[in-house]
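Participant: Here it is, the structure, as structure tokens.
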Amino acid sequence: MKPMIDILSLPLDELTRTMRNDYGKGLFHAEALYREVFKNGGNNIGNAPEFKGSPRLWTALEQTIHLSPGQVEKTIEEEGLVKFITELTDGLKIESVIIPMTRHNTLCVSSQVGCKMGCKFCQTARMGFKRSLSTSEIVGQVFNARHHLGYDIKNIVFMGMGEPFDNFDRVMTAVKILNSQKGCDIALRHMTISTCGVVPGIERLAQMNLPNIRLAISINGPDDATRSALMPVNRRWPLAELKKSLEAYPLPHRGVFLFEYILIKGVNDSMDHAQKLARFIHPLPVRLNLIPYNPVTGFDHQSPSDEQMHNFAQMLTDKRVFVIKRWSRGRSVSAGCGQLGKI
Ligand code: SF4
């Protein structure tokens, strides 16, 4: 019996190697499999011209090809967002969120079940950490959004459950698979990896020569005391170390870092915080997303007023920081920033 071919976990070059070693075929058939699975949903592979004429090959492949995107258990739609819950083969569940944009849809993908990082404002952190997702479970979220739920997904953000750099190798393999023009064909510039500030992950990504992939950093505190109180990761890699890793990061020409800053009333939303944040950002090229805090159970704080948020943003704009104010969508379905995990 030949080994199983878990297509959702295999970059095209590995699939080609498998086809060569196990079936005496090569790129031609590997590309056909990729097309049938990633572009056409994988329901009719045997009828593709490359396999229809080779019934013996198809009979052999049929026994070994394995598609395991996980079972979409339910979808919840509100305020224009679609959150879907996937049951994995071991019964654990993950959440993903489809965010319709003006021209196409973005999918917010999970990389772990739960999270170790313990950010205070985050619902996922309250689940604790169960395990990291396999590559096929990460890619499977895109597969299901496209082929099970029928959404044309053109943007991926690794901002769902988990810290992507805590599952670095599998996330990067997923990026490679999703990027393949023969399959999902999602451009690197349409993929964003969001980290809470895991400096070794930033350094590893810097070495991968993928300049077009976008890097987002969840900041949320402009000084070590404020940030460490909200994000324990800051005790391990404080702001100065984080900044050093960003200064060394090979951004492309005109590239920017995406900074996320969740504004929490009375915690990190003062004018003093805004000034410190501007100082931390300078001279990095940054697009700063300001997001009002979405209340989660167990962290009893509130969003700032619109006026406070406006003043905070204005202070940064005056210091030449490029600011976008986001009025977080999806609160009622727990699909807003930091709210995944109430499964
Ligand atoms: S915000 Fe992100 S890194 Fe922090 S606990 Fe939540 S999922 Fe983990």
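The way I read the labels, and the way they are meant: chains A, B, ... in the order of the structure tokens, residue 1 as the first residue of every chain, and ligand 1 as the first ligand shown, with later ones counted on from there.
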Could you list, as a list in words, all the residues within 8 Å of ligand 1, counting only C-alpha atoms and all ligand atoms?

Facilitator: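 I would give the residues around ligand 1 as Gly114, Cys115, Lys116, Met117, Gly118, Cys119, Lys120, Phe121, Cys122, Gln123, Thr124, Ala125, Arg126, Met159, Gly160, Met161, Gly162, Glu163, Thr195, Cys196, Ser218, Met231, Gly338 and Leu340 of chain A.
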
Participant: Please produce, as a tab-separated table, a per-residue contact table for segment 164-253 of chain A versus segment 21-44 of chain A (criterion: any atom at most 8 Å away, only C-alpha atoms considered), showing the nearest atom pair and its distance in Å to one decimal, sorted by chain then residue number.

Facilitator:
```
residue	atom	partner	partner_atom	distance
A:Lys182	CA	A:Arg35	CA	5.9
A:Gly183	CA	A:Phe38	CA	4.9
A:Cys184	CA	A:Phe38	CA	5.4
```

Participant: Mind giving me the straight-line distance from atom CA of Val323 of chain A to atom CA of Asp300 of chain A in Å, one decimal?

Facilitator: 26.6 Å

Participant: When distances are computed from only C-alpha atoms, which of A:Phe299, A:Phe280, A:Tyr293, A:Arg204 shows the smallest separation from Pro238 of chain A?

Facilitator: A:Phe280

Participant: Between atom CA of Glu137 of chain A and atom CA of Phe84 of chain A, what is the distance in Å, rounded to a tenth?

Facilitator: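 It comes out at 13.8 Å.
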
Participant: Residues within 12 Å of Asn268 of chain A, please, as a ChimeraX atom specification. Count only C-alpha atoms; anything in the same chain fewer than 6 positions from it doesn't count.

Facilitator: /A:219-230,261-262,274-277,290-293,301-304,308-309,312

Participant: Just write the chosen residues, N, CA and C atoms, as a short mmCIF file (atom, residue, chain, number, x, y, z; two decimals), in the first residue's frame.

Facilitator:
```cif
data_model
loop_
_atom_site.label_atom_id
_atom_site.label_comp_id
_atom_site.auth_asym_id
_atom_site.auth_seq_id
_atom_site.Cartn_x
_atom_site.Cartn_y
_atom_site.Cartn_z
N ILE A 219 0.40 45.77 19.07
CA ILE A 219 1.23 46.57 19.99
C ILE A 219 0.51 46.78 21.33
N ASN A 220 -0.54 47.55 21.29
CA ASN A 220 -1.46 47.70 22.44
C ASN A 220 -0.90 48.37 23.70
N GLY A 221 0.37 48.61 23.74
CA GLY A 221 0.94 49.35 24.86
C GLY A 221 2.21 50.02 24.36
N PRO A 222 2.38 51.34 24.63
CA PRO A 222 3.52 52.04 24.06
C PRO A 222 4.74 52.06 24.97
N ASP A 223 4.60 51.51 26.18
CA ASP A 223 5.76 51.41 27.08
C ASP A 223 5.71 50.02 27.71
N ASP A 224 6.85 49.57 28.24
CA ASP A 224 6.93 48.18 28.70
C ASP A 224 5.96 47.88 29.84
N ALA A 225 5.74 48.87 30.74
CA ALA A 225 4.85 48.59 31.87
C ALA A 225 3.43 48.33 31.36
N THR A 226 2.93 49.21 30.50
CA THR A 226 1.56 49.07 29.99
C THR A 226 1.44 47.80 29.16
N ARG A 227 2.44 47.59 28.30
CA ARG A 227 2.34 46.44 27.37
C ARG A 227 2.47 45.11 28.12
N SER A 228 3.40 45.05 29.07
CA SER A 228 3.57 43.78 29.80
C SER A 228 2.32 43.44 30.61
N ALA A 229 1.62 44.48 31.10
CA ALA A 229 0.40 44.22 31.87
C ALA A 229 -0.69 43.62 30.98
N LEU A 230 -0.67 43.98 29.69
CA LEU A 230 -1.70 43.48 28.76
C LEU A 230 -1.24 42.24 28.02
N TYR A 261 -3.49 48.44 17.40
CA TYR A 261 -3.50 48.99 18.77
C TYR A 261 -4.95 49.00 19.24
N ILE A 262 -5.24 48.12 20.20
CA ILE A 262 -6.60 48.07 20.75
C ILE A 262 -6.70 49.09 21.88
N ALA A 274 -0.42 58.08 23.69
CA ALA A 274 -0.33 58.40 22.24
C ALA A 274 1.04 58.96 21.90
N GLN A 275 1.54 59.85 22.77
CA GLN A 275 2.87 60.45 22.52
C GLN A 275 3.95 59.38 22.53
N LYS A 276 3.87 58.49 23.53
CA LYS A 276 4.88 57.42 23.62
C LYS A 276 4.79 56.50 22.41
N LEU A 277 3.56 56.26 21.97
CA LEU A 277 3.39 55.38 20.81
C LEU A 277 4.03 56.01 19.56
N LEU A 290 -6.18 51.60 14.69
CA LEU A 290 -6.70 51.80 16.05
C LEU A 290 -8.05 51.11 16.15
N ILE A 291 -8.17 50.24 17.12
CA ILE A 291 -9.39 49.42 17.24
C ILE A 291 -9.96 49.60 18.65
N PRO A 292 -11.23 49.98 18.77
CA PRO A 292 -11.78 50.07 20.13
C PRO A 292 -11.91 48.67 20.74
N TYR A 293 -11.64 48.57 22.00
CA TYR A 293 -11.68 47.27 22.70
C TYR A 293 -13.07 46.64 22.59
N HIS A 301 -13.22 45.69 31.16
CA HIS A 301 -12.87 47.05 30.75
C HIS A 301 -13.80 47.48 29.62
N GLN A 302 -13.66 48.76 29.26
CA GLN A 302 -14.58 49.30 28.25
C GLN A 302 -13.83 49.91 27.09
N SER A 303 -14.58 50.14 26.00
CA SER A 303 -14.01 50.89 24.87
C SER A 303 -13.93 52.35 25.27
N PRO A 304 -12.99 53.09 24.69
CA PRO A 304 -12.98 54.53 24.94
C PRO A 304 -14.15 55.19 24.20
N GLN A 308 -12.50 60.29 22.65
CA GLN A 308 -11.17 59.89 23.11
C GLN A 308 -10.39 59.21 22.00
N MET A 309 -11.09 58.36 21.27
CA MET A 309 -10.44 57.65 20.16
C MET A 309 -10.00 58.66 19.10
N PHE A 312 -6.95 60.59 20.39
CA PHE A 312 -5.78 59.72 20.37
C PHE A 312 -5.23 59.65 18.93
#
```

Participant: Pick out each residue of segment 69-166 of chain A that DSSP on the backbone tags as strand (DSSP E); I need them as number ranges by chain.

Facilitator: A: 71-78, 81-87, 93-100, 105-108, 112-114, 129-132, 153-158

Participant: List as number ranges by chain the protein and nucleic acid residues near Gly201 of chain A, meaning an atom at most 8 Å away when only C-alpha atoms are counted, but skip any in the same chain fewer than 6 places from it.

Facilitator: A: 165-166, 168

Participant: Do you have the atom CA of Leu10 of chain A-atom CA of Met191 of chain A distance handy?

Facilitator: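 Going from atom CA of Leu10 of chain A over to atom CA of Met191 of chain A, I get 18.6 Å.
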
Participant: Given the choices A:Val256, A:Ala206, A:Ala313, A:Met127, which gets closest to Arg189 of chain A if the distance is worked out from only C-alpha atoms?

Facilitator: A:Val256

Participant: Going by DSSP on the backbone, which residues of segment 85-191 of chain A come out as alpha helix (DSSP H)? List them as a VMD selection string.

Facilitator: chain A and resid 123 to 126 135 to 143 168 to 179

Participant: Would you mind telling me which residue in A:Glu247, A:Phe322, A:Arg235, A:Glu73 lies nearest to Ala278 of chain A when using only C-alpha atoms?

Facilitator: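 For Ala278 of chain A, the nearest of the candidates is A:Phe322.
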
Participant: Would you kindly return, as a list in words, each protein, DNA or RNA residue with an atom no farther than 12 Å from any atom of Arg254 of chain A, considering only C-alpha atoms and excluding same-chain residues fewer than 4 positions away?

Facilitator: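 In the requested format, the answer is Pro211, Asn212, Pro250, Leu284, Pro285, Val286 and Arg287 of chain A.
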
Participant: Which of these, A:Ser270, A:Ser54, A:Gln71, A:Thr317, has the shortest distance to Leu288 of chain A once you count only C-alpha atoms?

Facilitator: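 For Leu288 of chain A, the nearest of the given residues is A:Thr317.
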